[in-house]
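Listing of query_4.csv; format and content: CSV, C-alpha atoms.
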```
chain,number,residue,atom,x,y,z
A,1,MET,CA,77.4,175.9,320.2
A,2,ALA,CA,75.7,179.3,320.5
A,3,ASN,CA,74.3,180.6,323.8
A,4,PHE,CA,71.0,182.5,324.1
A,5,TYR,CA,72.6,185.9,324.8
A,6,GLU,CA,74.6,186.1,321.7
A,7,THR,CA,71.8,184.5,319.6
A,8,MET,CA,69.3,187.1,320.8
A,9,ARG,CA,71.7,189.9,320.1
A,10,LEU,CA,72.3,188.7,316.6
A,11,LYS,CA,68.5,188.1,316.1
A,12,ASN,CA,67.9,191.8,317.0
A,13,GLN,CA,70.5,192.8,314.4
A,14,LEU,CA,69.2,190.7,311.6
A,15,SER,CA,65.4,190.8,312.2
A,16,PRO,CA,64.6,194.1,310.4
A,17,THR,CA,66.4,193.0,307.3
A,18,LEU,CA,65.0,189.5,307.2
A,19,LEU,CA,61.4,190.7,307.8
A,20,ARG,CA,61.6,192.9,304.7
A,21,LYS,CA,62.2,189.8,302.5
A,22,PRO,CA,59.2,188.2,300.8
A,23,GLY,CA,57.9,185.1,302.5
A,24,ILE,CA,59.6,185.7,305.9
A,25,TYR,CA,56.9,186.1,308.6
A,26,GLY,CA,58.8,185.9,311.9
A,27,VAL,CA,62.3,185.8,313.5
A,28,GLY,CA,62.9,184.6,317.1
A,29,VAL,CA,65.2,182.6,319.3
A,30,GLY,CA,64.9,179.0,320.3
A,31,TYR,CA,66.7,175.7,320.6
A,32,ALA,CA,69.0,174.6,317.7
A,33,ASP,CA,67.5,171.1,318.3
A,34,PRO,CA,64.4,171.0,320.6
A,35,ASP,CA,65.0,167.3,321.2
A,36,LYS,CA,68.6,168.1,322.4
A,37,PRO,CA,68.6,171.4,324.3
A,38,ASP,CA,72.2,170.9,325.3
A,39,ARG,CA,73.1,171.8,321.7
A,40,GLY,CA,72.4,175.4,322.4
A,41,ALA,CA,70.4,178.2,320.8
A,42,ALA,CA,69.6,179.2,317.2
A,43,ILE,CA,67.8,181.9,315.4
A,44,ILE,CA,64.3,180.7,314.4
A,45,VAL,CA,63.0,181.9,311.1
A,46,TYR,CA,59.3,181.4,310.2
A,47,SER,CA,58.8,181.5,306.4
A,48,HIS,CA,57.1,180.4,303.3
A,49,PRO,CA,58.5,177.1,301.8
A,50,ASN,CA,60.0,179.1,298.9
A,51,VAL,CA,62.5,180.7,301.2
A,52,LYS,CA,65.8,178.8,301.1
A,53,PRO,CA,68.5,178.4,303.8
A,54,ALA,CA,71.0,180.0,301.5
A,55,GLU,CA,69.1,183.3,301.6
A,56,ILE,CA,69.3,183.3,305.4
A,57,ARG,CA,73.0,182.5,305.4
A,58,SER,CA,73.7,185.2,302.9
A,59,THR,CA,71.9,187.8,305.0
A,60,MET,CA,73.8,186.8,308.1
A,61,LEU,CA,77.1,187.2,306.3
A,62,GLN,CA,76.2,190.5,304.7
A,63,LYS,CA,74.7,192.1,307.9
A,64,ALA,CA,76.8,190.5,310.7
A,65,GLY,CA,79.8,189.0,309.0
A,66,VAL,CA,79.2,185.6,310.5
A,67,SER,CA,77.5,182.3,309.9
A,68,PHE,CA,75.3,181.3,312.8
A,69,PRO,CA,73.0,178.4,313.8
A,70,PHE,CA,69.4,178.9,312.6
A,71,ARG,CA,66.3,176.8,311.9
A,72,LEU,CA,64.0,177.6,309.0
A,73,ILE,CA,60.4,176.6,309.9
A,74,ASN,CA,57.9,176.6,307.0
A,75,THR,CA,54.5,178.1,307.9
A,76,ASP,CA,51.6,180.0,306.3
A,77,PRO,CA,51.3,183.7,307.2
A,78,PHE,CA,50.2,184.4,310.8
A,79,LYS,CA,46.7,185.8,311.1
A,80,PRO,CA,44.7,187.3,314.0
A,81,HIS,CA,42.3,184.7,315.3
A,82,SER,CA,39.0,186.3,316.0
A,83,LYS,CA,36.1,184.9,314.0
A,84,VAL,CA,34.0,187.2,311.8
A,85,GLN,CA,30.4,186.6,310.9
A,86,SER,CA,28.8,189.0,308.3
A,87,GLY,CA,25.1,189.6,307.6
A,88,SER,CA,22.6,188.7,310.2
A,89,VAL,CA,24.3,187.8,313.6
A,90,SER,CA,21.1,186.8,315.4
A,91,ARG,CA,21.0,183.1,316.3
A,92,ARG,CA,19.2,181.0,318.9
A,93,ARG,CA,21.2,181.1,322.1
A,94,ALA,CA,21.8,178.4,324.6
A,95,ALA,CA,20.3,178.5,328.0
A,96,PRO,CA,22.5,179.4,331.0
A,97,ARG,CA,24.4,176.4,332.4
A,98,LYS,CA,24.7,175.8,336.1
A,99,ARG,CA,27.1,172.9,335.6
A,100,VAL,CA,30.1,173.6,333.4
A,101,LYS,CA,31.3,170.8,331.0
A,102,ALA,CA,34.1,170.8,328.6
A,103,GLU,CA,31.9,171.3,325.5
A,104,PHE,CA,30.6,174.5,326.9
A,105,PHE,CA,33.5,176.8,325.9
A,106,ARG,CA,30.9,178.3,323.4
A,107,SER,CA,27.9,178.3,325.7
A,108,ARG,CA,26.3,181.0,327.7
A,109,LEU,CA,27.7,180.9,331.3
A,110,ARG,CA,26.8,183.0,334.3
A,111,PRO,CA,28.9,184.1,336.0
A,112,VAL,CA,31.5,184.2,333.2
A,113,PRO,CA,34.9,182.5,333.8
A,114,GLY,CA,38.1,182.8,331.8
A,115,GLY,CA,38.5,180.7,328.6
A,116,VAL,CA,35.1,181.1,327.0
A,117,SER,CA,33.4,182.7,324.0
A,118,ILE,CA,32.9,186.4,324.0
A,119,GLY,CA,32.5,189.0,321.3
A,120,ARG,CA,30.8,192.2,319.9
A,121,ILE,CA,28.5,193.2,317.2
A,122,THR,CA,29.7,196.2,315.1
A,123,GLY,CA,27.3,197.2,312.4
A,124,SER,CA,26.5,194.1,310.4
A,125,LEU,CA,29.6,192.2,311.7
A,126,GLY,CA,29.7,189.8,314.6
A,127,ILE,CA,33.2,189.4,316.0
A,128,THR,CA,33.8,186.4,318.2
A,129,GLY,CA,36.9,185.5,320.3
A,130,THR,CA,37.8,184.4,323.8
A,131,GLY,CA,37.7,186.1,327.1
A,132,GLY,CA,40.9,184.7,328.3
A,133,LEU,CA,41.3,185.8,331.9
A,134,ILE,CA,39.4,187.5,334.7
A,135,THR,CA,41.6,190.2,336.2
A,136,ILE,CA,41.4,192.8,339.0
A,137,ARG,CA,42.4,196.3,339.8
A,138,ASN,CA,41.4,198.1,343.0
A,139,GLY,CA,38.5,195.7,343.6
A,140,GLN,CA,37.1,196.1,340.1
A,141,LEU,CA,37.0,193.0,337.8
A,142,TYR,CA,37.8,193.1,334.1
A,143,VAL,CA,37.8,190.6,331.2
A,144,LEU,CA,41.2,190.5,329.4
A,145,SER,CA,41.1,189.8,325.7
A,146,ASN,CA,42.5,191.3,322.5
A,147,ASN,CA,42.0,194.8,320.9
A,148,HIS,CA,40.8,193.2,317.7
A,149,VAL,CA,38.2,191.1,319.6
A,150,ILE,CA,36.5,193.6,321.8
A,151,VAL,CA,37.4,197.1,320.5
A,152,ALA,CA,35.7,198.5,317.3
A,153,ALA,CA,38.0,199.9,314.7
A,154,ASN,CA,41.0,200.3,317.0
A,155,ARG,CA,39.1,203.1,318.7
A,156,PHE,CA,35.5,202.7,319.8
A,157,ALA,CA,33.9,201.0,322.8
A,158,ALA,CA,31.7,198.0,322.1
A,159,ASN,CA,29.1,196.1,324.1
A,160,ILE,CA,30.6,192.8,325.0
A,161,LEU,CA,28.5,189.7,324.7
A,162,GLN,CA,28.9,186.2,326.2
A,163,PRO,CA,28.8,184.1,324.3
A,164,GLY,CA,30.0,185.8,321.2
A,165,PRO,CA,27.7,186.4,318.2
A,166,LEU,CA,28.9,183.4,316.3
A,167,ASP,CA,27.7,181.2,319.3
A,168,GLY,CA,24.3,182.9,319.5
A,169,GLY,CA,25.2,185.9,321.6
A,170,GLN,CA,22.6,188.7,321.3
A,171,ALA,CA,21.9,192.1,323.0
A,172,SER,CA,20.4,190.3,326.0
A,173,ASP,CA,23.7,188.5,326.5
A,174,ARG,CA,25.6,191.8,327.2
A,175,ILE,CA,28.0,191.5,330.1
A,176,GLY,CA,29.8,194.8,329.9
A,177,VAL,CA,31.7,197.2,327.6
A,178,SER,CA,35.3,197.5,326.4
A,179,VAL,CA,37.0,200.3,328.3
A,180,ARG,CA,40.8,200.3,327.7
A,181,PHE,CA,43.1,199.0,325.0
A,182,VAL,CA,46.6,199.4,323.5
A,183,PRO,CA,46.2,201.0,320.1
A,184,PHE,CA,47.7,199.4,317.0
A,185,ARG,CA,50.5,201.3,315.3
A,186,ILE,CA,50.3,201.0,311.6
A,187,GLY,CA,53.8,201.2,310.1
A,188,GLY,CA,55.3,201.2,313.6
A,189,VAL,CA,56.2,198.6,316.2
A,190,ASN,CA,53.5,196.9,318.3
A,191,PHE,CA,54.2,194.9,321.5
A,192,MET,CA,50.7,193.5,322.2
A,193,ASP,CA,47.2,193.1,321.0
A,194,ALA,CA,45.3,193.6,324.2
A,195,ALA,CA,42.2,195.2,325.7
A,196,ILE,CA,40.0,194.9,328.7
A,197,ALA,CA,36.2,195.0,329.2
A,198,GLN,CA,34.5,196.2,332.4
A,199,PRO,CA,31.4,194.2,333.4
A,200,ILE,CA,28.0,195.7,334.2
A,201,THR,CA,28.6,194.4,337.7
A,202,ASN,CA,31.3,192.3,339.2
A,203,SER,CA,28.8,189.6,340.0
A,204,LEU,CA,28.6,188.8,336.2
A,205,LEU,CA,32.2,187.5,336.3
A,206,ASN,CA,33.7,184.4,337.9
A,207,PRO,CA,37.4,184.8,338.7
A,208,ARG,CA,38.2,181.2,337.7
A,209,TYR,CA,39.3,179.4,334.5
A,210,LEU,CA,37.4,176.7,332.6
A,211,ILE,CA,39.4,173.6,331.7
A,212,ASN,CA,38.7,170.5,329.6
A,213,SER,CA,37.4,168.3,332.4
A,214,GLY,CA,34.6,170.8,332.9
A,215,ARG,CA,36.1,172.0,336.1
A,216,LEU,CA,36.5,175.6,337.0
A,217,ILE,CA,40.0,176.2,338.5
A,218,THR,CA,41.3,179.1,340.5
A,219,LEU,CA,44.5,180.5,339.1
A,220,ARG,CA,47.2,181.4,341.6
A,221,GLY,CA,48.6,184.4,339.7
A,222,HIS,CA,50.9,185.0,336.8
A,223,LEU,CA,54.5,184.2,335.6
A,224,LEU,CA,57.0,187.0,335.5
A,225,SER,CA,59.0,185.0,332.9
A,226,TYR,CA,59.3,181.5,331.3
A,227,ARG,CA,61.9,179.7,329.2
A,228,VAL,CA,62.2,178.2,325.8
A,229,GLY,CA,60.8,174.6,326.1
A,230,ALA,CA,58.2,175.5,328.8
A,231,SER,CA,55.0,173.6,328.6
A,232,PHE,CA,51.6,175.3,328.8
A,233,VAL,CA,47.9,174.6,328.4
A,234,LYS,CA,45.1,176.9,327.2
A,235,SER,CA,41.3,177.1,326.9
A,236,GLY,CA,39.9,178.8,323.9
A,237,ARG,CA,36.5,179.2,322.2
A,238,THR,CA,37.4,177.1,319.1
A,239,THR,CA,40.2,174.7,319.9
A,240,GLY,CA,39.0,174.1,323.5
A,241,PHE,CA,41.6,172.9,325.9
A,242,VAL,CA,45.0,172.4,324.3
A,243,SER,CA,48.7,172.0,325.2
A,244,GLY,CA,51.8,173.5,323.7
A,245,VAL,CA,55.5,174.1,324.2
A,246,VAL,CA,57.4,177.4,323.9
A,247,GLU,CA,59.3,177.2,320.6
A,248,SER,CA,60.7,180.7,320.4
A,249,ILE,CA,60.9,183.8,322.5
A,250,GLY,CA,61.8,187.5,321.7
A,251,THR,CA,60.1,186.8,318.3
A,252,ASP,CA,59.5,189.6,315.9
A,253,GLN,CA,56.4,188.7,314.0
A,254,LEU,CA,54.3,190.0,311.1
A,255,VAL,CA,50.6,189.4,311.7
A,256,GLY,CA,47.7,190.3,309.4
A,257,PRO,CA,45.5,191.2,307.8
A,258,TYR,CA,43.8,193.3,310.6
A,259,ARG,CA,40.3,194.3,309.5
A,260,GLU,CA,40.3,196.9,312.3
A,261,VAL,CA,43.0,199.0,310.6
A,262,GLY,CA,42.2,198.6,306.9
A,263,ASN,CA,43.5,195.1,306.6
A,264,ALA,CA,47.0,196.1,307.4
A,265,THR,CA,49.7,193.6,308.4
A,266,LEU,CA,51.3,194.7,311.7
A,267,LEU,CA,54.8,194.2,313.1
A,268,PHE,CA,54.9,192.8,316.7
A,269,ARG,CA,58.1,192.5,318.7
A,270,ASN,CA,59.0,190.4,321.8
A,271,GLN,CA,56.4,187.7,321.1
A,272,THR,CA,56.4,184.1,322.1
A,273,VAL,CA,55.6,181.2,319.6
A,274,VAL,CA,53.9,178.2,321.2
A,275,VAL,CA,53.7,175.1,319.1
A,276,GLY,CA,51.3,172.1,319.6
A,277,SER,CA,51.0,168.7,318.1
A,278,SER,CA,47.7,169.9,316.5
A,279,PRO,CA,46.3,173.4,316.0
A,280,VAL,CA,46.4,175.5,319.2
A,281,SER,CA,45.0,178.8,317.8
A,282,GLN,CA,42.3,179.1,315.3
A,283,GLY,CA,39.6,181.6,314.4
A,284,GLY,CA,37.7,182.4,317.7
A,285,ASP,CA,40.7,181.6,320.0
A,286,SER,CA,42.0,185.2,320.0
A,287,GLY,CA,42.1,186.5,323.6
A,288,SER,CA,42.7,183.1,325.1
A,289,VAL,CA,45.5,182.8,327.8
A,290,TRP,CA,48.2,180.1,328.2
A,291,ILE,CA,48.6,178.9,331.7
A,292,THR,CA,50.9,176.5,333.6
A,293,ARG,CA,49.6,173.3,334.9
A,294,ASP,CA,50.1,174.6,338.4
A,295,GLY,CA,47.8,177.5,337.8
A,296,PHE,CA,49.8,180.6,336.7
A,297,ALA,CA,48.9,182.7,333.7
A,298,ALA,CA,51.7,182.8,331.2
A,299,ALA,CA,50.9,184.4,327.8
A,300,LEU,CA,48.0,186.1,325.9
A,301,ASN,CA,47.3,184.5,322.5
A,302,PHE,CA,46.2,186.7,319.6
A,303,ALA,CA,47.2,185.0,316.4
A,304,GLY,CA,48.5,181.9,314.8
A,305,SER,CA,49.3,179.7,311.8
A,306,GLY,CA,48.9,175.9,311.6
A,307,ASN,CA,49.9,174.4,314.9
A,308,ARG,CA,51.4,177.6,316.2
A,309,SER,CA,50.2,180.4,318.5
A,310,ILE,CA,51.6,183.9,318.7
A,311,SER,CA,51.3,185.1,322.2
A,312,THR,CA,52.5,188.0,324.4
A,313,PRO,CA,54.1,187.4,327.8
A,314,ILE,CA,51.4,188.0,330.3
A,315,ALA,CA,53.6,189.9,332.7
A,316,SER,CA,54.0,192.7,330.0
A,317,VAL,CA,50.2,192.8,329.4
A,318,LEU,CA,49.2,192.9,333.1
A,319,SER,CA,51.8,195.5,334.0
A,320,THR,CA,50.7,197.7,331.1
A,321,PHE,CA,47.1,197.8,332.4
A,322,GLY,CA,48.0,197.8,336.1
A,323,LEU,CA,46.2,194.5,336.6
A,324,ARG,CA,46.6,191.2,338.4
A,325,VAL,CA,45.0,187.8,338.0
A,326,ALA,CA,41.7,187.8,340.0
A,327,ALA,CA,40.8,185.1,342.5
A,328,PRO,CA,37.8,184.5,344.8
A,329,ALA,CA,38.1,185.6,348.4
A,330,PRO,CA,35.9,184.9,351.5
A,331,GLY,CA,32.5,186.6,351.8
A,332,GLY,CA,31.9,186.7,348.0
A,333,THR,CA,34.7,189.2,347.5
A,334,PHE,CA,37.7,189.1,345.2
A,335,LYS,CA,41.5,189.3,345.6
A,336,ALA,CA,44.6,189.7,343.4
A,337,GLY,CA,46.7,186.7,342.7
A,338,GLY,CA,50.5,186.6,343.2
A,339,SER,CA,53.4,186.3,340.8
A,340,LYS,CA,56.4,184.1,340.5
A,341,GLY,CA,59.2,183.0,338.2
A,342,ALA,CA,61.4,186.0,337.5
A,343,ALA,CA,64.1,185.3,334.9
A,344,PRO,CA,67.3,184.0,336.4
A,345,GLN,CA,70.0,186.6,336.2
A,346,GLY,CA,72.1,186.1,333.1
A,347,ASN,CA,70.0,183.3,331.7
A,348,HIS,CA,68.7,184.5,328.3
A,349,ALA,CA,66.8,181.3,327.6
A,350,TYR,CA,64.1,183.1,329.6
A,351,VAL,CA,61.7,185.8,328.5
A,352,ARG,CA,63.3,189.2,329.5
A,353,PRO,CA,61.3,192.2,330.7
A,354,LEU,CA,60.9,195.0,328.2
A,355,PRO,CA,63.4,197.9,328.7
A,356,GLU,CA,62.0,200.8,330.7
A,357,ALA,CA,62.2,203.1,327.6
A,358,VAL,CA,60.0,200.6,325.7
A,359,ARG,CA,57.5,200.1,328.5
A,360,LYS,CA,56.9,203.9,328.6
A,361,GLN,CA,55.9,203.8,324.9
A,362,ILE,CA,53.2,201.2,325.5
A,363,ARG,CA,50.3,203.2,326.9
A,364,PRO,CA,46.7,201.9,327.1
A,365,VAL,CA,44.0,204.4,326.3
A,366,SER,CA,40.3,204.6,326.9
A,367,THR,CA,37.8,203.6,324.3
A,368,LYS,CA,35.7,206.3,322.7
A,369,ALA,CA,31.9,206.3,322.5
A,370,ARG,CA,30.4,206.3,319.0
A,371,LYS,CA,28.5,209.4,318.2
```
Output the file's structure in the form of structure tokens.
Amino acid sequence: MANFYETMRLKNQLSPTLLRKPGIYGVGVGYADPDKPDRGAAIIVYSHPNVKPAEIRSTMLQKAGVSFPFRLINTDPFKPHSKVQSGSVSRRRAAPRKRVKAEFFRSRLRPVPGGVSIGRITGSLGITGTGGLITIRNGQLYVLSNNHVIVAANRFAANILQPGPLDGGQASDRIGVSVRFVPFRIGGVNFMDAAIAQPITNSLLNPRYLINSGRLITLRGHLLSYRVGASFVKSGRTTGFVSGVVESIGTDQLVGPYREVGNATLLFRNQTVVVGSSPVSQGGDSGSVWITRDGFAAALNFAGSGNRSISTPIASVLSTFGLRVAAPAPGGTFKAGGSKGAAPQGNHAYVRPLPEAVRKQIRPVSTKARK
């Protein structure tokens, strides 16, 4: 039986070679048998059905000199999950809602909570995704989403609409502008697809989270770590309120095509794969945030395939931008939520913090104004 430490170490050794093979889309670490966790860990390989187990075993023997437990999971390629509308993006928009119901993930809401439709119009294209989380820094609120949802061409600021253009958002629905993002690295290693938008005024945002019952809940903060097998829920523009289980962690993943960088496929490392019994990430769900049932943000979704979501541990995202989860405070003010759940020492079934040297490489930058 393999433990998580040695499995992660071997995954790191094999991943670059495996990801160069046609039809292999991701390599992570999870349970050898999700129904029997006591059987230990295994390398998880996400691949096209044409990839055969013998290829994986051969690579292990050639690169590491050992045969090791692995699971081969057949999927389609993983794609970023914004939704693009070309041509005219003007549609009749819904009236503001005072009472929030489950079907209103795509409606116009004021003030704007986490878990609802947002987007931008760039030229003739309308890009729609999800504003996953309302965050705070030094009293200023921000909407957390993805680079490919709210930043134009991996560079430029964009006016942010709520709802997004696909749901009828127009210029009069502007709530703010994208201000900071982590740039994509073409041909290099990426660790997140993340960006934040600053509202015109804090009063346009509601530091709460919309769930399926139509209730707005206040999140208590964020998780510092979580383990394989953890259960989460998520609200997104397209799939609505869904649930999933962490299938693999430390996952190195190919995601594309990214329209924002010439339809390139990008390599992401240290990602989490969350799997549901039905689709949990589809076009328009990019930017949504997985949370625990007791109200802690866990991971930022940005891509998926079939019933699987590719998401980044939220602790990495928030620390990169210097943010915390926002919550309402007395007198109409706002406060920062807490954090909990650091990985137990020596337990590698939990998401580990990125090494300091890696964290220093992940630097958010300010968006540029179009001339």
Please tabulate, as a tab-separated table, the residues of segment 205-244 of chain A that come within 10 Å of segment 282-298 of chain A, each with its closest pair of atoms and the distance in Å to one decimal, counting all atoms listed in the file and ordering rows by chain, then residue number upward.
```
residue	atom	partner	partner_atom	distance
A:Tyr209	CA	A:Gly295	CA	9.3
A:Ile217	CA	A:Gly295	CA	7.9
A:Thr218	CA	A:Gly295	CA	7.2
A:Leu219	CA	A:Gly295	CA	4.6
A:Arg220	CA	A:Gly295	CA	5.5
A:Gly221	CA	A:Phe296	CA	5.0
A:His222	CA	A:Ala297	CA	4.3
A:Leu223	CA	A:Ala298	CA	5.4
A:Leu224	CA	A:Ala298	CA	8.0
A:Ser225	CA	A:Ala298	CA	7.8
A:Tyr226	CA	A:Ala298	CA	7.7
A:Ala230	CA	A:Thr292	CA	8.8
A:Ser231	CA	A:Thr292	CA	7.1
A:Phe232	CA	A:Thr292	CA	5.0
A:Val233	CA	A:Ile291	CA	5.5
A:Lys234	CA	A:Trp290	CA	4.6
A:Ser235	CA	A:Ser288	CA	6.4
A:Gly236	CA	A:Asp285	CA	4.9
A:Arg237	CA	A:Asp285	CA	5.3
A:Thr238	CA	A:Gly284	CA	5.5
A:Thr239	CA	A:Gln282	CA	6.7
A:Gly240	CA	A:Asp285	CA	8.4
A:Val242	CA	A:Trp290	CA	9.2
A:Ser243	CA	A:Trp290	CA	8.7
A:Gly244	CA	A:Trp290	CA	8.8
```
**Prompt:** Neighbours of Leu300 of chain A within 6 Å (all atoms listed in the file; same-chain residues fewer than 5 positions away dropped), as an MDAnalysis selection string?
**Reply:** chainID A and resid 289 311:312 314
**Counting all atoms listed in the file, the option among A:Asp33, A:Asp252, A:Asp193, A:Asp167 closest to Phe302 of chain A** =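 Smallest distance to Phe302 of chain A is found for A:Asp193.
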**Request:** For Val45 of chain A, list every protein, DNA or RNA residue within 7 Å, evaluated using all atoms listed in the file, and leave out those in the same chain fewer than 2 positions away; present the list as a list in words.
**Result:**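 Listing them by chain and then by number gives Gly26, Val27, Gly28, Ile43, Ser47, Arg71, Leu72 and Ile73 of chain A.
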Extract, using all atoms listed in the file, all DNA, RNA and protein residues at most 10 Å from Gly262 of chain A, discarding same-chain residues fewer than 4 positions from it, and format them as an mmCIF file with C-alpha atoms, in the coordinates of the input.
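Contents of selection35.cif, freshly written:
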```cif
data_model
loop_
_atom_site.group_PDB
_atom_site.id
_atom_site.type_symbol
_atom_site.label_atom_id
_atom_site.label_comp_id
_atom_site.auth_asym_id
_atom_site.auth_seq_id
_atom_site.Cartn_x
_atom_site.Cartn_y
_atom_site.Cartn_z
ATOM 1 C CA ALA A 153 38.000 199.900 314.700
ATOM 2 C CA ILE A 186 50.300 201.000 311.600
ATOM 3 C CA PRO A 257 45.500 191.200 307.800
ATOM 4 C CA TYR A 258 43.800 193.300 310.600
#
```
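Distance-wise, atom CA of Lys83 of chain A and atom CA of Leu254 of chain A end up 19.1 Å apart.
Here atom CA of Ala349 of chain A stands at a distance of 10.0 Å from atom CA of Thr7 of chain A.
Counting from atom CA of Gln162 of chain A, the distance to atom CA of Asn202 of chain A is 14.6 Å.
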**Message:** Using all atoms listed in the file, list the residues that have an atom at most 7 Å from (37.8, 189.4, 329.1), coordinates as in the file, as a PyMOL selection string.
**Reply:** chain A and resi 131-134+142-145+196-197
**Request:** For Ala194 of chain A, please output as a VMD selection string all residues within 7 Å (counting all atoms listed in the file; exclusion window: fewer than 6 positions along the same chain).
**Result:** chain A and resid 145 to 147 181 to 182
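Between Tyr31 of chain A and the candidates A:Arg185, A:Arg363, A:Arg308, A:Arg227, the tightest atom-to-atom separation, counting all atoms listed in the file, involves A:Arg227.
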**Asked** A:Tyr5, A:Phe191, A:Tyr350, A:Phe105: which is nearest Asn270 of chain A, counting only C-alpha atoms?
**Response**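 Residue with the minimum atom-to-atom distance to Asn270 of chain A: A:Phe191.
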**Asked** Given the choices A:Ala41, A:Ala64, A:Ala357, A:Leu266, which gets closest to Gly188 of chain A if the distance is worked out from all atoms listed in the file?
**Response**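 Nearest candidate to Gly188 of chain A out of A:Ala41, A:Ala64, A:Ala357, A:Leu266: A:Leu266.
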**Prompt:** Which neighbours of Lys335 of chain A fall inside 8 Å, counting only C-alpha atoms, when residues of the same chain fewer than 6 positions from it are skipped, and could you give them as a list in words?
**Reply:** Ile136, Gly139, Ala326, Ala327, Pro328 and Ala329 of chain A
**Request:** Using only C-alpha atoms, collect all residues at a distance of at most 8 Å from (74.0, 174.0, 317.7) as written in the file, then present them as a PyMOL selection string.
**Result:** chain A and resi 1-2+32-33+39-42+69
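Of the residues listed (A:Ile249, A:Arg110, A:Ile24, A:Pro80), A:Ile24 shows the shortest atom-to-atom separation from Pro53 of chain A; distances use all atoms listed in the file.
Closest to Gly168 of chain A among A:Gln85, A:Phe156, A:Val112, A:Ser248 is A:Gln85, based on only C-alpha atoms.
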